[in-house]
Amino acid sequence: MSNSRETMFTKGRRWVLYHIYWRLLRRIYPNKIMQFRLPDGSVFRYPVEGVIAGALIAGRFEPSELRFMQAIVRPGDTVLDVGANGGVFSVMGARQIGPNGRIYAFEPGQRELALLREN
């Protein structure tokens, strides 16, 4: 039992440090587009001030969903990304489906659509 508490404490403390780091980056580089490596090795770009950037820095951006994508999506598949935002799932999906697959990503927000297109 004490091991699980130590692990929870360590993970919590690490998350706080990542959060402080992210807040510092937001102040130093308010309009910077950061480059992130996704779990499958894909490159994803997103503004540092966005909450998604903070979650990616901390390694806490929808880990279950990202693992699900890696486990389910296969070469040649068709992937729908509705409400794609900057396109984390589109970027990961594109790498996994290869040249014979299709990605259909939808995003109504103009700023997010521009990020999606860039990614």
# chains A, B, ... in the order shown; residues from 1 in each chain; ligands from 1
>>> residues_around(residues="Leu17 (chain A)", least_positions_apart="5", cutoff="9 Å", atoms="only C-alpha atoms", output="number ranges by chain")
A: 12, 22, 58
>>> select_by_dssp(residues="region 14-72 of chain A", states="strand (DSSP E or B)", output="NGL selection string")
:A and (33-37 or 43-47)
>>> closest_residue(among="A:Ile103, A:Val88, A:Ile97, A:Ile20", to="Tyr46 (chain A)", atoms="only C-alpha atoms")
A:Val88
>>> residues_around(residues="Val91 (chain A)", least_positions_apart="3", cutoff="7 Å", atoms="only C-alpha atoms", output="PDB file with N, CA and C atoms, in the first residue's frame")
ATOM      1  N   SER A  42       4.906  10.625 -34.080  1.00  0.00           N
ATOM      2  CA  SER A  42       4.453  11.710 -34.951  1.00  0.00           C
ATOM      3  C   SER A  42       4.803  13.066 -34.344  1.00  0.00           C
ATOM      4  N   PHE A  44       3.614  16.944 -33.771  1.00  0.00           N
ATOM      5  CA  PHE A  44       2.402  17.750 -33.669  1.00  0.00           C
ATOM      6  C   PHE A  44       2.784  19.137 -33.194  1.00  0.00           C
ATOM      7  N   GLY A  87      -5.660  18.718 -34.295  1.00  0.00           N
ATOM      8  CA  GLY A  87      -5.469  17.488 -35.053  1.00  0.00           C
ATOM      9  C   GLY A  87      -4.577  16.426 -34.454  1.00  0.00           C
ATOM     10  N   VAL A  88      -4.513  16.313 -33.126  1.00  0.00           N
ATOM     11  CA  VAL A  88      -3.681  15.272 -32.515  1.00  0.00           C
ATOM     12  C   VAL A  88      -4.041  13.899 -33.070  1.00  0.00           C
ATOM     13  N   ALA A  94      -2.977   9.513 -39.331  1.00  0.00           N
ATOM     14  CA  ALA A  94      -2.338   9.582 -40.651  1.00  0.00           C
ATOM     15  C   ALA A  94      -1.081   8.723 -40.705  1.00  0.00           C
ATOM     16  N   ARG A  95      -0.337   8.749 -39.644  1.00  0.00           N
ATOM     17  CA  ARG A  95       0.887   7.934 -39.610  1.00  0.00           C
ATOM     18  C   ARG A  95       0.543   6.441 -39.624  1.00  0.00           C
ATOM     19  N   ASN A 119      -0.884  21.103 -39.251  1.00  0.00           N
ATOM     20  CA  ASN A 119      -0.453  19.782 -38.783  1.00  0.00           C
ATOM     21  C   ASN A 119      -0.719  18.713 -39.817  1.00  0.00           C
TER      22      ASN A 119
END
>>> residues_around(residues="Leu113 (chain A)", least_positions_apart="2", cutoff="12 Å", atoms="only C-alpha atoms", output="list in words")
Tyr46, Val82, Gly83, Ala84, Asn85, Gly86, Gly87, Ala105, Phe106, Glu107, Pro108, Gly109, Gln110, Arg111, Leu115, Leu116, Arg117, Glu118 and Asn119 of chain A
>>> atom_distance(atom1="CA of Pro47 (chain A)", atom2="CA of Ile33 (chain A)")
4.2 Å
>>> select_by_dssp(residues="chain A", states="helix (DSSP H, G or I)", output="count of residues only")
67
>>> residues_around(residues="Gln70 (chain A)", least_positions_apart="3", cutoff="9 Å", atoms="only C-alpha atoms", output="number ranges by chain")
A: 39-40, 65-67, 73-74, 92-93, 96
>>> write_last_selection(atoms="N, CA and C atoms", output="mmCIF file, in the first residue's frame")
data_model
loop_
_atom_site.group_PDB
_atom_site.id
_atom_site.type_symbol
_atom_site.label_atom_id
_atom_site.label_comp_id
_atom_site.auth_asym_id
_atom_site.auth_seq_id
_atom_site.Cartn_x
_atom_site.Cartn_y
_atom_site.Cartn_z
ATOM 1 N N PRO A 39 2.870 9.791 -28.896
ATOM 2 C CA PRO A 39 3.339 8.452 -28.500
ATOM 3 C C PRO A 39 3.807 7.564 -29.653
ATOM 4 N N ASP A 40 3.272 7.770 -30.845
ATOM 5 C CA ASP A 40 3.689 6.935 -31.983
ATOM 6 C C ASP A 40 4.878 7.534 -32.739
ATOM 7 N N GLU A 65 -7.193 7.385 -24.878
ATOM 8 C CA GLU A 65 -7.626 7.533 -26.263
ATOM 9 C C GLU A 65 -6.455 7.348 -27.230
ATOM 10 N N LEU A 66 -5.281 7.867 -26.855
ATOM 11 C CA LEU A 66 -4.110 7.715 -27.713
ATOM 12 C C LEU A 66 -3.692 6.243 -27.802
ATOM 13 N N ARG A 67 -3.746 5.524 -26.666
ATOM 14 C CA ARG A 67 -3.434 4.086 -26.689
ATOM 15 C C ARG A 67 -4.459 3.331 -27.535
ATOM 16 N N VAL A 73 -6.330 1.418 -34.970
ATOM 17 C CA VAL A 73 -6.174 1.924 -36.343
ATOM 18 C C VAL A 73 -5.075 1.148 -37.073
ATOM 19 N N ARG A 74 -5.404 0.701 -38.283
ATOM 20 C CA ARG A 74 -4.497 -0.125 -39.094
ATOM 21 C C ARG A 74 -4.265 0.519 -40.463
ATOM 22 N N MET A 92 -1.822 11.392 -35.593
ATOM 23 C CA MET A 92 -1.506 10.001 -35.231
ATOM 24 C C MET A 92 -2.136 9.028 -36.219
ATOM 25 N N GLY A 93 -3.394 9.277 -36.557
ATOM 26 C CA GLY A 93 -4.086 8.393 -37.485
ATOM 27 C C GLY A 93 -3.417 8.354 -38.850
ATOM 28 N N GLN A 96 -0.516 6.085 -38.927
ATOM 29 C CA GLN A 96 -0.879 4.679 -38.804
ATOM 30 C C GLN A 96 -1.561 4.119 -40.054
#
>>> atom_distance(atom1="CA of Thr78 (chain A)", atom2="CA of Met34 (chain A)")
28.0 Å
>>> residues_around(residues="Lys32 (chain A)", least_positions_apart="5", cutoff="10 Å", atoms="only C-alpha atoms", output="list in words")
Leu25, Arg26, Arg45, Tyr46, Pro47, Val48 and Glu49 of chain A
